[in-house]
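Shown next, in structure tokens, is the structure this report addresses.
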Amino acid sequence: MGRSLKFLIPLLLFGGIALFLYKGLSMDPRAIPSPLIGKPVPEFSLPRLDAPGEKVTRKDLLGKVSLLNVWATWCVSCRAEHGVLVDFARTHKIPVYGLDWKDDEAGAQAWLERLGNPYVAVAFDKIGRTAIDLGVYGAPETFVIDKKGTIRHKIAGPLSPQLIEDELLPLINKLNQEG
Amino acid sequence: MSKQFASLVFLWLIATALPVAAYTLADFPFDDPKKEQEFRELTGKLRCLVCQNESLAASDADLAEDLRREVYDMMKAGRSKEEIIKFLVQRYGDFVLYDPPLKPSTYLIWFGPGVLLLIGAFVVIRTLKQKKSAREKTLSAEEQQRVEALLNTASETQGTDK
């Protein structure tokens, strides 16, 4: 490199570092890629929160595109997300399943009664064993599951109308067209 | 309060506070002290997903407690360390490992510092060599004459000034 261009080296270095740091600003350290994408939903069999005495199992999720939403009454963002889910369940013809994670049974039932129930069925995971199999590390988390029972996408954090419009609906439409 | 006394109190606070923040191993009894040591080492090498700067061993998060219990149960059932790590990686990804495995997506982490070091060494060696050759440069006979001529005129003009 000619002597005349040498003064550019620190400038380029600075530019490179600035670029990485700038990118870091908009990245979410909590969004950890799930190794379960493309894998079948793990086997589970849990009591139903909304219908005591009955069970929800992996088989219930087969044969249609569905959402599996992990929530709990102790989770503040779940409270914020709940209205969005209720709207979603009303306007879109996709079953939403719930996984109530390490929760108080009576409190969770009261929550659904008070705030509305967007779920076709809620699995009650008292000890959090199924949540571990799903790689859940925080609530809320939402899994998109295809007709064959394969996990195709996971969203960590609360759903928003924007997120549903931009990310979920295109994927759901695509999955609906799959055989 | 003297300074020494204050620092003693401070030390005592630190010494007694640490075990409170962490969990107690009493919750996870082992018959074999070697197994207990293994449990400590393993949970110390795994990252808590909630408080990302803490290990499973150190974290107070609810999920960390559940995962410690899971690791404990697996160890009790006689599963090997590799099996337990595989169990967690299958669910939570390489992110749970403080020691990431060597594969294409982690080449940058593993080799990046080494590459930077090599680049740095190259630059340093080159700069030093350039400096050395600049210092060793000797003048040609012609240049030597010019230098002397200039020095002579300089001292003459200085003389006339005074």
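Chain labels follow the order of the structure tokens: the first chain is A, the next B, and so on; residue numbering restarts at 1 in every chain, and ligands are counted from 1 in their shown order.
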A:Arg129 surroundings by only C-alpha atoms, 10 Å radius, close-in-sequence under 5 positions cut, as a list in words: Phe44, Trp101, Lys102, Leu134, Gly135 and Val136 of chain A; Asp66, Leu67 and Glu70 of chain B
Write a file of the selected residues as a PDB file, in the first residue's frame, keeping C-alpha atoms.
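Just written: selection16.pdb:
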ATOM      1  CA  PHE A  44     -45.541 -35.241  26.486  1.00  0.00           C
ATOM      2  CA  TRP A 101     -45.365 -23.415  33.065  1.00  0.00           C
ATOM      3  CA  LYS A 102     -44.695 -23.968  36.790  1.00  0.00           C
ATOM      4  CA  LEU A 134     -38.965 -27.939  24.775  1.00  0.00           C
ATOM      5  CA  GLY A 135     -35.859 -25.945  25.659  1.00  0.00           C
ATOM      6  CA  VAL A 136     -37.944 -23.218  27.296  1.00  0.00           C
TER       7      VAL A 136
ATOM      8  CA  ASP B  66     -34.816 -27.191  37.810  1.00  0.00           C
ATOM      9  CA  LEU B  67     -31.847 -27.949  35.574  1.00  0.00           C
ATOM     10  CA  GLU B  70     -32.322 -32.650  36.248  1.00  0.00           C
TER      11      GLU B  70
END
For the alpha helix (DSSP H) assignment from backbone DSSP, which residues of chain A qualify? Please present them as a PyMOL selection string. chain A and resi 8-25+76-91+105-115+129-133+161-163+169-177
Residues just named, written with C-alpha atoms as a CSV table (one decimal), in the first residue's frame:
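See again34.csv below for the written result:
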chain,number,residue,atom,x,y,z
A,8,LEU,CA,-6.7,5.3,6.0
A,9,ILE,CA,-5.8,2.2,8.1
A,10,PRO,CA,-7.0,3.5,11.5
A,11,LEU,CA,-10.1,4.9,9.9
A,12,LEU,CA,-10.9,1.5,8.4
A,13,LEU,CA,-10.2,-0.2,11.7
A,14,PHE,CA,-12.5,2.3,13.5
A,15,GLY,CA,-15.2,1.8,10.9
A,16,GLY,CA,-15.0,-2.0,11.3
A,17,ILE,CA,-15.3,-1.9,15.1
A,18,ALA,CA,-18.1,0.7,14.9
A,19,LEU,CA,-20.0,-1.5,12.5
A,20,PHE,CA,-19.8,-4.5,14.8
A,21,LEU,CA,-20.8,-2.4,17.9
A,22,TYR,CA,-23.6,-0.8,16.0
A,23,LYS,CA,-25.0,-4.2,15.0
A,24,GLY,CA,-24.7,-5.3,18.6
A,25,LEU,CA,-27.0,-2.5,19.7
A,76,VAL,CA,-45.5,-10.1,33.5
A,77,SER,CA,-45.0,-10.1,29.7
A,78,CYS,CA,-47.5,-12.9,29.4
A,79,ARG,CA,-50.1,-10.6,30.8
A,80,ALA,CA,-49.2,-8.0,28.2
A,81,GLU,CA,-49.3,-10.7,25.5
A,82,HIS,CA,-52.6,-12.2,26.5
A,83,GLY,CA,-54.8,-9.7,24.7
A,84,VAL,CA,-52.9,-10.2,21.5
A,85,LEU,CA,-53.4,-13.9,21.8
A,86,VAL,CA,-57.1,-13.6,22.4
A,87,ASP,CA,-57.4,-11.4,19.3
A,88,PHE,CA,-55.3,-13.8,17.3
A,89,ALA,CA,-57.4,-16.8,18.3
A,90,ARG,CA,-60.6,-14.9,17.4
A,91,THR,CA,-59.5,-13.8,13.9
A,105,GLU,CA,-53.5,-24.2,39.1
A,106,ALA,CA,-56.3,-22.2,40.7
A,107,GLY,CA,-54.6,-18.9,39.9
A,108,ALA,CA,-54.1,-19.9,36.2
A,109,GLN,CA,-57.7,-21.0,35.9
A,110,ALA,CA,-58.9,-17.7,37.3
A,111,TRP,CA,-56.6,-15.8,34.9
A,112,LEU,CA,-58.2,-17.5,31.9
A,113,GLU,CA,-61.7,-16.8,33.2
A,114,ARG,CA,-60.9,-13.2,33.8
A,115,LEU,CA,-58.9,-12.4,30.7
A,129,ARG,CA,-40.3,-31.1,32.9
A,130,THR,CA,-42.0,-30.7,29.5
A,131,ALA,CA,-40.8,-27.1,29.3
A,132,ILE,CA,-37.2,-28.4,29.7
A,133,ASP,CA,-37.8,-30.9,26.9
A,161,PRO,CA,-49.7,-7.6,16.2
A,162,GLN,CA,-46.7,-6.4,14.2
A,163,LEU,CA,-44.8,-9.6,14.9
A,169,LEU,CA,-48.8,-15.2,9.2
A,170,PRO,CA,-46.5,-15.6,6.2
A,171,LEU,CA,-45.0,-18.7,7.8
A,172,ILE,CA,-48.4,-20.1,8.8
A,173,ASN,CA,-49.7,-19.6,5.2
A,174,LYS,CA,-46.7,-21.4,3.9
A,175,LEU,CA,-47.1,-24.3,6.3
A,176,ASN,CA,-50.8,-24.6,5.6
A,177,GLN,CA,-50.0,-25.2,1.9
Up to 12 Å from chain A, what residues of chain B turn up? Count only C-alpha atoms and give them as a count of residues only. 29
If DSSP is run on the backbone, what residues of stretch 7-59 of chain A are strand (DSSP E)? A reply as a list of chain:residue names would be ideal.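 Assigned to strand (DSSP E), within stretch 7-59 of chain A: A:Ser45, A:Leu46, A:Pro47, A:Lys55, A:Val56, A:Thr57.
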Those same residues - N, CA and C atoms - I'd like them written as an mmCIF file, in the first residue's frame.
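The new file out-v8.cif reads:
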data_model
loop_
_atom_site.group_PDB
_atom_site.id
_atom_site.type_symbol
_atom_site.label_atom_id
_atom_site.label_comp_id
_atom_site.auth_asym_id
_atom_site.auth_seq_id
_atom_site.Cartn_x
_atom_site.Cartn_y
_atom_site.Cartn_z
ATOM 1 N N SER A 45 -47.338 -35.760 27.964
ATOM 2 C CA SER A 45 -48.710 -36.069 28.338
ATOM 3 C C SER A 45 -48.959 -35.363 29.658
ATOM 4 N N LEU A 46 -49.770 -34.297 29.595
ATOM 5 C CA LEU A 46 -49.970 -33.464 30.779
ATOM 6 C C LEU A 46 -51.459 -33.273 31.040
ATOM 7 N N PRO A 47 -51.827 -33.050 32.288
ATOM 8 C CA PRO A 47 -53.233 -32.771 32.587
ATOM 9 C C PRO A 47 -53.669 -31.444 31.973
ATOM 10 N N LYS A 55 -56.390 -35.107 29.464
ATOM 11 C CA LYS A 55 -54.950 -34.939 29.207
ATOM 12 C C LYS A 55 -54.722 -34.266 27.852
ATOM 13 N N VAL A 56 -53.595 -33.570 27.746
ATOM 14 C CA VAL A 56 -53.127 -33.081 26.444
ATOM 15 C C VAL A 56 -51.856 -33.855 26.138
ATOM 16 N N THR A 57 -51.755 -34.367 24.924
ATOM 17 C CA THR A 57 -50.535 -35.078 24.539
ATOM 18 C C THR A 57 -50.034 -34.532 23.205
#
Determine, counting only C-alpha atoms, which protein, DNA and RNA residues have an atom within 6 Å of an atom of stretch 60-63 of chain A; residues of the same chain fewer than 4 positions away are not included. Present the result as a PyMOL selection string. chain A and resi 147-149
Just to confirm, what's the straight-line distance from atom CA of B:Asp99 to atom CA of A:Gly157 in Å (one decimal)? 26.6 Å
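When atom CA of B:Leu56 is paired with atom CA of B:Pro29, their separation reads 16.9 Å.
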Need to verify the contact set: A:Leu99, 10 Å, only C-alpha atoms, exclusion of same-chain residues closer than 3 positions in sequence. Can you return it as a compact mmCIF listing (two decimals) with C-alpha atoms, in the first residue's frame?
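Output contents, as saved in result-v1.txt:
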# COMPACT_ATOMS: atom_id res chain seq x y z
CA LEU A 46 -49.97 -33.46 30.78
CA ARG A 48 -55.49 -30.12 31.04
CA LEU A 49 -55.77 -26.94 33.01
CA VAL A 56 -53.13 -33.08 26.44
CA LEU A 68 -47.91 -23.67 21.25
CA ASN A 69 -47.66 -20.79 23.67
CA VAL A 70 -45.73 -21.11 26.93
CA TRP A 71 -47.11 -18.85 29.65
CA ALA A 72 -47.63 -18.46 33.38
CA LYS A 102 -44.70 -23.97 36.79
CA TYR A 119 -56.37 -21.70 23.86
CA ALA A 121 -56.35 -26.69 25.29
CA VAL A 122 -53.85 -25.80 28.01
CA ALA A 123 -51.35 -28.34 29.26
CA PHE A 124 -50.51 -27.83 32.90
CA ASP A 125 -46.79 -28.37 33.48
CA LYS A 126 -46.51 -28.11 37.23
CA GLY A 128 -41.63 -27.82 34.29
CA THR A 130 -42.01 -30.72 29.48
CA ALA A 131 -40.75 -27.13 29.35
CA PRO A 140 -43.62 -16.27 27.06
CA GLU A 141 -42.33 -18.40 24.23
CA THR A 142 -44.32 -19.40 21.18
Computed interatomic separation between atom CA of A:Ile151 and atom CA of A:Arg58 (Å): 11.7 Å
Just the residues within 9 Å of stretch 77-82 of chain B, please, counting only C-alpha atoms, with nothing from its chain fewer than 5 positions along; format it as an NGL selection string. :B and (38 or 42 or 72 or 87)
